[in-house]
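S.K.: Sending over coords26.cif (mmCIF, C-alpha atoms and all ligand atoms).
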data_entry
loop_
_atom_site.label_atom_id
_atom_site.label_comp_id
_atom_site.auth_asym_id
_atom_site.auth_seq_id
_atom_site.Cartn_x
_atom_site.Cartn_y
_atom_site.Cartn_z
CA MET Q 1 103.72 74.52 111.38
CA ARG Q 2 107.01 75.73 112.77
CA ILE Q 3 106.83 79.15 114.48
CA VAL Q 4 110.04 81.13 114.17
CA THR Q 5 110.76 84.34 116.07
CA THR Q 6 114.31 85.29 115.09
CA VAL Q 7 115.78 86.42 111.77
CA ALA Q 8 118.72 84.04 112.13
CA GLU Q 9 116.49 80.98 112.60
CA MET Q 10 114.21 82.03 109.70
CA GLN Q 11 117.29 82.31 107.47
CA ARG Q 12 118.37 78.79 108.51
CA VAL Q 13 114.91 77.27 108.02
CA CYS Q 14 114.43 78.78 104.56
CA ALA Q 15 117.99 77.88 103.49
CA GLU Q 16 117.21 74.26 104.44
CA PHE Q 17 114.05 74.30 102.29
CA ARG Q 18 116.05 75.56 99.32
CA ALA Q 19 118.87 73.08 99.96
CA ALA Q 20 116.20 70.35 99.72
CA GLY Q 21 115.39 71.67 96.26
CA GLN Q 22 112.17 73.50 97.12
CA VAL Q 23 111.00 76.83 95.75
CA VAL Q 24 109.92 78.92 98.76
CA GLY Q 25 106.61 80.79 98.53
CA PHE Q 26 106.37 83.69 100.98
CA VAL Q 27 103.22 85.46 102.20
CA PRO Q 28 103.94 88.51 104.39
CA THR Q 29 101.05 89.81 106.52
CA MET Q 30 100.21 91.90 109.56
CA GLY Q 31 97.93 89.14 110.89
CA ALA Q 32 94.19 89.36 111.70
CA LEU Q 33 93.96 86.93 108.82
CA HIS Q 34 90.90 86.75 106.55
CA GLU Q 35 90.06 85.06 103.24
CA GLY Q 36 92.09 87.67 101.34
CA HIS Q 37 95.26 86.62 103.15
CA LEU Q 38 94.34 82.95 102.80
CA SER Q 39 93.90 83.36 99.04
CA LEU Q 40 97.57 84.37 98.88
CA VAL Q 41 98.54 81.32 100.93
CA ARG Q 42 96.53 79.01 98.65
CA ARG Q 43 98.07 80.50 95.52
CA ALA Q 44 101.54 80.10 97.06
CA LYS Q 45 100.71 76.50 98.02
CA ALA Q 46 99.57 75.77 94.47
CA GLU Q 47 102.71 77.21 92.90
CA CYS Q 48 105.56 76.54 95.36
CA GLY Q 49 107.06 73.51 97.08
CA VAL Q 50 106.94 75.07 100.54
CA VAL Q 51 105.12 78.10 101.90
CA VAL Q 52 106.25 80.39 104.68
CA ALA Q 53 104.22 83.30 106.04
CA SER Q 54 104.98 86.17 108.35
CA ILE Q 55 102.90 88.05 110.87
CA PHE Q 56 104.39 91.34 111.98
CA VAL Q 57 102.48 94.53 112.74
CA ASN Q 58 105.14 96.94 111.51
CA PRO Q 59 105.24 100.13 113.59
CA LEU Q 60 107.35 101.88 110.94
CA GLN Q 61 104.52 101.98 108.38
CA PHE Q 62 101.99 103.62 110.72
CA GLY Q 63 101.84 107.42 111.04
CA PRO Q 64 101.87 108.98 114.52
CA LYS Q 65 98.09 109.50 114.44
CA GLU Q 66 97.26 106.13 112.86
CA ASP Q 67 95.84 102.93 114.31
CA LEU Q 68 98.98 100.98 115.40
CA ALA Q 69 97.83 100.53 119.01
CA LYS Q 70 94.36 99.30 118.12
CA TYR Q 71 95.29 97.31 114.98
CA PRO Q 72 93.48 93.93 115.36
CA ARG Q 73 95.65 91.11 116.71
CA THR Q 74 94.30 87.54 116.55
CA PHE Q 75 97.52 85.53 116.71
CA GLU Q 76 96.19 82.20 117.97
CA GLN Q 77 93.39 82.08 115.41
CA ASP Q 78 95.89 83.10 112.69
CA VAL Q 79 98.19 80.22 113.64
CA GLU Q 80 95.25 77.79 113.42
CA ARG Q 81 94.30 79.09 109.98
CA LEU Q 82 97.84 78.95 108.59
CA THR Q 83 98.29 75.45 110.04
CA ALA Q 84 95.04 74.32 108.40
CA GLU Q 85 96.31 75.69 105.04
CA GLY Q 86 99.48 73.61 105.37
CA VAL Q 87 101.94 76.49 105.79
CA GLU Q 88 105.34 75.03 106.71
CA ALA Q 89 106.76 77.91 108.76
CA LEU Q 90 105.52 81.17 110.28
CA PHE Q 91 107.90 84.02 111.01
CA ALA Q 92 106.45 86.05 113.88
CA PRO Q 93 109.16 88.27 115.36
CA GLU Q 94 108.81 90.81 118.18
CA VAL Q 95 109.37 94.48 117.34
CA ALA Q 96 112.76 94.39 119.13
CA GLU Q 97 113.93 91.55 116.86
CA MET Q 98 113.10 93.53 113.72
CA TYR Q 99 114.20 96.94 115.04
CA PRO Q 100 116.87 96.41 117.69
CA ALA Q 101 118.07 99.46 119.60
CA GLY Q 102 120.44 101.47 117.44
CA ALA Q 103 118.90 100.55 114.09
CA GLU Q 104 119.12 103.54 111.75
CA THR Q 105 118.81 102.29 108.17
CA THR Q 106 115.59 102.66 106.20
CA VAL Q 107 114.71 101.97 102.57
CA THR Q 108 113.00 104.74 100.62
CA VAL Q 109 111.68 104.14 97.12
CA ALA Q 110 111.85 107.76 95.98
CA GLY Q 111 109.20 109.15 93.64
CA ILE Q 112 106.81 106.23 93.38
CA GLY Q 113 106.84 105.87 97.17
CA ASP Q 114 105.35 109.35 97.51
CA ARG Q 115 102.40 108.70 95.18
CA LEU Q 116 98.81 107.59 96.05
CA ASP Q 117 98.86 106.22 99.60
CA GLY Q 118 102.43 107.49 99.91
CA ALA Q 119 101.17 111.05 99.38
CA SER Q 120 98.36 110.68 101.93
CA ARG Q 121 100.45 108.80 104.46
CA PRO Q 122 103.94 110.39 104.50
CA GLY Q 123 106.61 107.83 105.34
CA HIS Q 124 104.23 104.89 104.91
CA PHE Q 125 106.02 103.30 101.98
CA THR Q 126 109.43 103.84 103.58
CA GLY Q 127 108.07 101.80 106.49
CA VAL Q 128 106.76 99.15 104.11
CA ALA Q 129 109.93 99.00 101.98
CA THR Q 130 112.13 98.80 105.08
CA VAL Q 131 110.20 95.97 106.72
CA VAL Q 132 109.78 94.05 103.46
CA THR Q 133 113.54 94.36 102.84
CA LYS Q 134 114.16 92.87 106.26
CA LEU Q 135 111.58 90.13 105.69
CA PHE Q 136 113.12 89.29 102.30
CA HIS Q 137 116.53 89.05 103.96
CA ALA Q 138 115.05 86.71 106.57
CA VAL Q 139 113.42 84.45 103.96
CA GLY Q 140 115.96 84.72 101.14
CA ARG Q 141 115.34 83.68 97.54
CA CYS Q 142 111.59 83.22 97.13
CA ARG Q 143 108.42 83.99 95.27
CA ALA Q 144 106.50 86.55 97.37
CA PHE Q 145 102.72 86.81 97.12
CA PHE Q 146 101.01 90.18 97.62
CA GLY Q 147 97.39 91.25 97.21
CA MET Q 148 96.42 93.73 94.50
CA LYS Q 149 94.14 95.22 97.16
CA ASP Q 150 97.29 97.21 97.97
CA ALA Q 151 98.13 97.96 94.33
CA ALA Q 152 100.40 100.91 95.13
CA GLN Q 153 102.35 98.71 97.55
CA VAL Q 154 102.86 96.14 94.80
CA ALA Q 155 104.16 98.86 92.45
CA VAL Q 156 106.55 100.23 95.08
CA LEU Q 157 107.86 96.77 95.98
CA ARG Q 158 108.32 95.74 92.32
CA ARG Q 159 110.41 98.90 91.84
CA MET Q 160 112.44 98.16 94.98
CA VAL Q 161 113.08 94.51 94.03
CA ALA Q 162 114.24 95.55 90.56
CA ASP Q 163 116.36 98.47 91.77
CA LEU Q 164 118.08 96.57 94.59
CA ASN Q 165 118.45 93.16 92.87
CA PHE Q 166 116.50 91.11 95.39
CA GLU Q 167 116.29 87.42 94.48
CA VAL Q 168 112.54 87.70 94.84
CA GLU Q 169 109.72 87.45 92.34
CA ILE Q 170 106.71 89.57 93.37
CA VAL Q 171 103.40 87.89 92.48
CA GLY Q 172 100.32 90.15 92.51
CA CYS Q 173 97.08 88.32 93.43
CA PRO Q 174 93.44 89.35 92.86
CA ILE Q 175 91.36 91.21 95.45
CA VAL Q 176 89.04 89.01 97.53
CA ARG Q 177 85.66 90.61 98.34
CA ASP Q 178 82.63 89.96 100.50
CA ALA Q 179 79.47 88.92 98.64
CA ASP Q 180 78.31 92.57 98.54
CA GLY Q 181 81.56 93.73 96.94
CA LEU Q 182 83.39 95.20 99.92
CA ALA Q 183 87.09 94.35 99.63
CA LEU Q 184 88.16 92.24 102.62
CA SER Q 185 90.44 94.10 105.01
CA SER Q 186 91.59 93.61 108.58
CA ARG Q 187 90.39 97.19 109.10
CA ASN Q 188 86.78 96.26 108.22
CA ALA Q 189 86.63 95.02 111.84
CA TYR Q 190 86.54 98.68 112.91
CA LEU Q 191 83.31 99.41 111.00
CA SER Q 192 79.90 99.59 112.67
CA ALA Q 193 77.05 97.91 110.75
CA GLU Q 194 75.99 101.31 109.46
CA GLU Q 195 79.53 102.30 108.43
CA ARG Q 196 79.92 98.99 106.63
CA GLN Q 197 76.91 99.87 104.47
CA ARG Q 198 78.41 103.29 103.71
CA ALA Q 199 81.74 101.67 102.86
CA LEU Q 200 80.14 99.94 99.87
CA VAL Q 201 80.33 103.28 98.05
CA LEU Q 202 84.00 102.61 97.22
CA HIS Q 203 83.03 99.50 95.24
CA ARG Q 204 80.06 101.32 93.68
CA ALA Q 205 82.22 104.23 92.51
CA LEU Q 206 84.78 101.88 90.97
CA GLY Q 207 81.95 99.87 89.39
CA GLU Q 208 80.57 103.04 87.80
CA MET Q 209 84.00 103.85 86.36
CA GLN Q 210 84.56 100.28 85.19
CA GLY Q 211 81.16 100.31 83.47
CA ARG Q 212 82.02 103.51 81.60
CA ILE Q 213 85.37 102.08 80.52
CA ALA Q 214 83.55 98.97 79.25
CA GLY Q 215 81.25 101.36 77.35
CA GLY Q 216 84.23 102.97 75.61
CA GLU Q 217 85.10 105.94 77.84
CA VAL Q 218 88.86 106.55 77.85
CA SER Q 219 89.12 110.06 79.31
CA SER Q 220 90.52 109.96 82.84
CA ALA Q 221 88.92 113.33 83.62
CA ALA Q 222 85.46 112.10 82.60
CA LEU Q 223 85.94 108.91 84.61
CA MET Q 224 87.12 110.83 87.66
CA ASP Q 225 84.01 113.03 87.45
CA ALA Q 226 81.78 109.97 87.30
CA GLY Q 227 83.54 108.24 90.20
CA MET Q 228 83.60 111.39 92.34
CA GLY Q 229 79.90 111.88 91.67
CA VAL Q 230 79.14 108.50 93.21
CA LEU Q 231 81.49 109.05 96.18
CA LYS Q 232 80.21 112.55 96.94
CA ALA Q 233 76.60 111.36 96.94
CA GLN Q 234 77.30 109.17 99.98
CA ASP Q 235 76.99 110.88 103.38
CA GLY Q 236 79.61 110.16 105.99
CA VAL Q 237 82.39 109.25 103.59
CA VAL Q 238 85.39 111.55 103.13
CA VAL Q 239 87.42 110.91 99.98
CA ASP Q 240 91.19 110.78 100.50
CA PHE Q 241 91.97 110.28 96.82
CA LEU Q 242 90.56 108.93 93.60
CA ALA Q 243 93.27 108.37 91.01
CA VAL Q 244 93.67 107.12 87.46
CA VAL Q 245 97.35 106.20 87.07
CA ASP Q 246 99.78 103.86 85.38
CA SER Q 247 99.92 100.71 87.54
CA GLY Q 248 103.71 100.48 87.19
CA THR Q 249 104.75 104.07 87.91
CA LEU Q 250 101.64 105.35 89.76
CA LEU Q 251 101.84 108.50 87.60
CA PRO Q 252 98.54 109.99 86.35
CA VAL Q 253 97.43 109.11 82.82
CA GLU Q 254 95.10 111.22 80.69
CA GLN Q 255 93.63 108.25 78.87
CA VAL Q 256 92.97 104.81 80.28
CA GLY Q 257 94.25 101.66 78.61
CA PRO Q 258 95.50 98.22 79.57
CA GLY Q 259 97.55 98.49 82.77
CA THR Q 260 95.80 101.60 84.03
CA LEU Q 261 95.15 101.51 87.78
CA VAL Q 262 92.00 103.16 89.11
CA ALA Q 263 92.40 103.51 92.89
CA VAL Q 264 90.31 105.03 95.66
CA ALA Q 265 90.98 105.74 99.32
CA ALA Q 266 88.34 107.14 101.66
CA PHE Q 267 87.56 107.57 105.33
CA VAL Q 268 84.37 105.94 106.56
CA GLY Q 269 84.11 107.42 110.03
CA LYS Q 270 87.66 107.12 111.36
CA THR Q 271 88.49 104.07 109.23
CA ARG Q 272 90.55 104.56 106.08
CA LEU Q 273 89.59 102.06 103.38
CA ILE Q 274 91.10 101.44 99.94
CA ASP Q 275 89.98 99.67 96.79
CA ASN Q 276 90.98 99.60 93.11
CA PHE Q 277 90.88 97.84 89.80
CA VAL Q 278 93.39 97.49 86.96
CA VAL Q 279 92.04 97.95 83.44
P1 LIG F 1 98.05 93.14 105.52
O1 LIG F 1 97.97 92.09 106.59
O2 LIG F 1 96.88 94.05 105.48
O3 LIG F 1 99.38 93.85 105.50
O4 LIG F 1 97.97 92.34 104.14
C1 LIG F 1 98.87 91.29 103.87
C2 LIG F 1 98.72 90.91 102.43
O5 LIG F 1 97.38 90.48 102.18
C3 LIG F 1 98.99 92.07 101.47
O6 LIG F 1 99.72 91.59 100.35
C4 LIG F 1 97.60 92.51 101.09
O7 LIG F 1 97.53 93.14 99.83
C5 LIG F 1 96.87 91.18 101.06
N1 LIG F 1 95.43 91.38 101.18
C6 LIG F 1 94.77 92.09 102.13
N2 LIG F 1 93.45 92.13 101.86
C7 LIG F 1 93.27 91.44 100.71
C8 LIG F 1 92.14 91.12 99.89
N3 LIG F 1 90.92 91.53 100.21
N4 LIG F 1 92.35 90.40 98.76
C9 LIG F 1 93.59 89.99 98.41
N5 LIG F 1 94.69 90.26 99.14
C10 LIG F 1 94.54 90.97 100.27
#
Can you turn what I pasted into structure tokens?
Ligand code: AMP

M.R.:
Amino acid sequence: MRIVTTVAEMQRVCAEFRAAGQVVGFVPTMGALHEGHLSLVRRAKAECGVVVASIFVNPLQFGPKEDLAKYPRTFEQDVERLTAEGVEALFAPEVAEMYPAGAETTVTVAGIGDRLDGASRPGHFTGVATVVTKLFHAVGRCRAFFGMKDAAQVAVLRRMVADLNFEVEIVGCPIVRDADGLALSSRNAYLSAEERQRALVLHRALGEMQGRIAGGEVSSAALMDAGMGVLKAQDGVVVDFLAVVDSGTLLPVEQVGPGTLVAVAAFVGKTRLIDNFVV
């Protein structure tokens, strides 16, 4: 696997792949790779002629009080994993390459970027949209694979790609979970054994809501009550939000139907975890 550290070289490498007639699959990550990330790589491998990945812990998407400094970094192991999956090239720039001194431009997806996680984490989606814009400009025309674990991110990026005419197709991929249901996340590494047990309440609350939907419940208010009931019953978990929204616009819906996103974010100790399902 070729490791590339500059935007200019990444542009050259990906242009060569396309010139050779290949469709480029792109998997952007912040590293600390787990099976969730690797599921995106495998999907990209199955559907595209070549696969490139990126590892960049993007300072712009972390709030001033968030976990940028302690975010897990396992670069050598990540390189081994991506190599074993047959990834052709890894883009792993330094912060100064992505944000050279003097950089002033950011990308804000207004409206949708301030919903769900964007409401809880002001500026987060501007950080995401800005770095993903830069990554897309480094890779060029591609199919880009993102996890539905970050469903709001997928909605924001789909909006951005449509609004700004990127030559990129966003592919949303299913959430990968541990055997007990906990959605895999690099941030799970922060959890103590006891916190990890408590964290299962996110999956339980969503499961309760999913069960009621399967039983015919369509009222968002009734579903929210049911989900909140499960979340509130768990000690040591502070709910950030529970939301029943349209998965495209992230605006609340009164009744659930196909395409409705049910999303939860909660703090387990100091760790903020998210999970969701789409009806
Ligand atoms: P991150 O490194 O956390 O920025 O995630 C990189 C990509 O992996 C994003 O598109 C995430 O949505 C995706 N991802 C993270 N966790 C999972 C998971 N458990 N299942 C599927 N995709 C995931």

S.K.: Counting all atoms listed in the file, find residues at most 9 Å from (103.4, 79.5, 101.9) (file frame) and give them as a PyMOL selection string.

M.R.: chain Q and resi 24-27+40-45+48-53+82+85-90+144-145

S.K.: Output as lines of an AutoDock Vina configuration file the centre and edge lengths (Å, one decimal) of the box along x, y and z of the file that holds every listed atom of ligand LIG 1 (chain F) after adding 5 Å on each side.

M.R.:
center_x = 95.3
center_y = 92.0
center_z = 102.5
size_x = 18.8
size_y = 14.1
size_z = 18.2

S.K.: Identify the residues around (87.5, 98.7, 92.2) within a radius of 7 Å, measuring from all atoms listed in the file in the coordinates stated by the file, and give them as a list in words.

M.R.: His203, Leu206, Gly207, Ala263, Asp275, Asn276 and Phe277 of chain Q

S.K.: Determine the nearest neighbour of ligand LIG 1 (chain F) from the options Q:Leu135, Q:Cys142, Q:Cys173, Q:Val168, counting all atoms listed in the file.

M.R.: Q:Cys173

S.K.: Give me, please, the distance in Å between CA of Ala155 in chain Q and CA of Thr133 in chain Q, quoted to one decimal.

M.R.: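 Value for the CA of Ala155 in chain Q-CA of Thr133 in chain Q distance: 14.7 Å.
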
S.K.: Just want the residues within 9 Å of ligand LIG 1 (chain F), written as a ChimeraX atom specification, counting all atoms listed in the file.

M.R.: /Q:27-40,55-58,144-151,153-154,172-178,182-187,275

S.K.: Choose the residue, out of Q:Glu16, Q:Asp180, Q:Glu208, Q:Asp163, that has the smallest atom-to-atom separation from Arg196 in chain Q; count all atoms listed in the file.

M.R.: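 Ranking Q:Glu16, Q:Asp180, Q:Glu208, Q:Asp163 by distance to Arg196 in chain Q, first place goes to Q:Asp180.
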
S.K.: List as an NGL selection string the protein and nucleic acid residues near range 240-255 of chain Q, meaning an atom at most 6 Å away when only C-alpha atoms are counted, but skip any in the same chain fewer than 4 places from it.

M.R.: :Q and (155 or 218-220 or 259-266)

S.K.: Which distance in Å separates CA of Ala221 in chain Q and CA of Val156 in chain Q, to one decimal?

M.R.: 24.8 Å

S.K.: Give me, please, the distance in Å between CA of Val139 in chain Q and CA of Asn165 in chain Q, quoted to one decimal.

M.R.: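 Between CA of Val139 in chain Q and CA of Asn165 in chain Q the gap is 15.0 Å.
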
S.K.: Of the candidates Q:Thr271, Q:Gly216, Q:Glu104, Q:Asp78, which shows the shortest atom-to-atom distance to Ser192 in chain Q, using all atoms listed in the file?

M.R.: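 Counting all atoms listed in the file, the residue closest to Ser192 in chain Q is Q:Thr271.
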
S.K.: For each of Q:Ala205, Q:Leu157, Q:Leu200, Q:Ala19, take the minimum atom-to-atom distance to Gly227 in chain Q, counting only C-alpha atoms, then give the residue where this is smallest.

M.R.: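 Looking only at the distances to Gly227 in chain Q, the closest residue turns out to be Q:Ala205.
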
S.K.: Taking all atoms listed in the file into account, which of Q:Pro72, Q:Gly181, Q:Gly113, Q:Gly118 comes nearest Arg159 in chain Q?

M.R.: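 So, comparing all the options, the nearest one is Q:Gly113.
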
S.K.: Will you give me range 231-244 of chain Q, written with N, CA and C atoms and laid out as a compact mmCIF listing (two decimals), in the first residue's frame?

M.R.:
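This went into decode39.txt:
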# COMPACT_ATOMS: atom_id res chain seq x y z
N LEU Q 231 -33.86 4.99 28.43
CA LEU Q 231 -32.60 5.71 28.68
C LEU Q 231 -32.53 6.24 30.12
N LYS Q 232 -33.67 6.79 30.57
CA LYS Q 232 -33.68 7.41 31.90
C LYS Q 232 -33.54 6.37 33.01
N ALA Q 233 -33.92 5.14 32.71
CA ALA Q 233 -33.85 4.08 33.73
C ALA Q 233 -32.42 3.63 34.00
N GLN Q 234 -31.50 4.05 33.15
CA GLN Q 234 -30.10 3.63 33.30
C GLN Q 234 -29.31 4.69 34.06
N ASP Q 235 -28.77 4.33 35.22
CA ASP Q 235 -27.90 5.25 35.97
C ASP Q 235 -26.65 5.56 35.17
N GLY Q 236 -26.11 6.74 35.41
CA GLY Q 236 -24.79 7.06 34.87
C GLY Q 236 -24.76 7.30 33.38
N VAL Q 237 -25.93 7.55 32.79
CA VAL Q 237 -25.98 7.90 31.37
C VAL Q 237 -26.76 9.20 31.23
N VAL Q 238 -26.14 10.20 30.59
CA VAL Q 238 -26.81 11.49 30.41
C VAL Q 238 -27.16 11.64 28.92
N VAL Q 239 -28.45 11.77 28.66
CA VAL Q 239 -28.91 11.85 27.26
C VAL Q 239 -28.56 13.22 26.69
N ASP Q 240 -27.93 13.22 25.53
CA ASP Q 240 -27.68 14.46 24.80
C ASP Q 240 -28.91 14.76 23.94
N PHE Q 241 -29.27 13.81 23.06
CA PHE Q 241 -30.55 13.95 22.37
C PHE Q 241 -31.09 12.59 21.95
N LEU Q 242 -32.40 12.54 21.85
CA LEU Q 242 -33.07 11.42 21.18
C LEU Q 242 -33.97 12.11 20.15
N ALA Q 243 -33.89 11.68 18.90
CA ALA Q 243 -34.60 12.42 17.85
C ALA Q 243 -35.24 11.47 16.85
N VAL Q 244 -36.42 11.88 16.38
CA VAL Q 244 -37.10 11.14 15.32
C VAL Q 244 -37.25 12.14 14.17
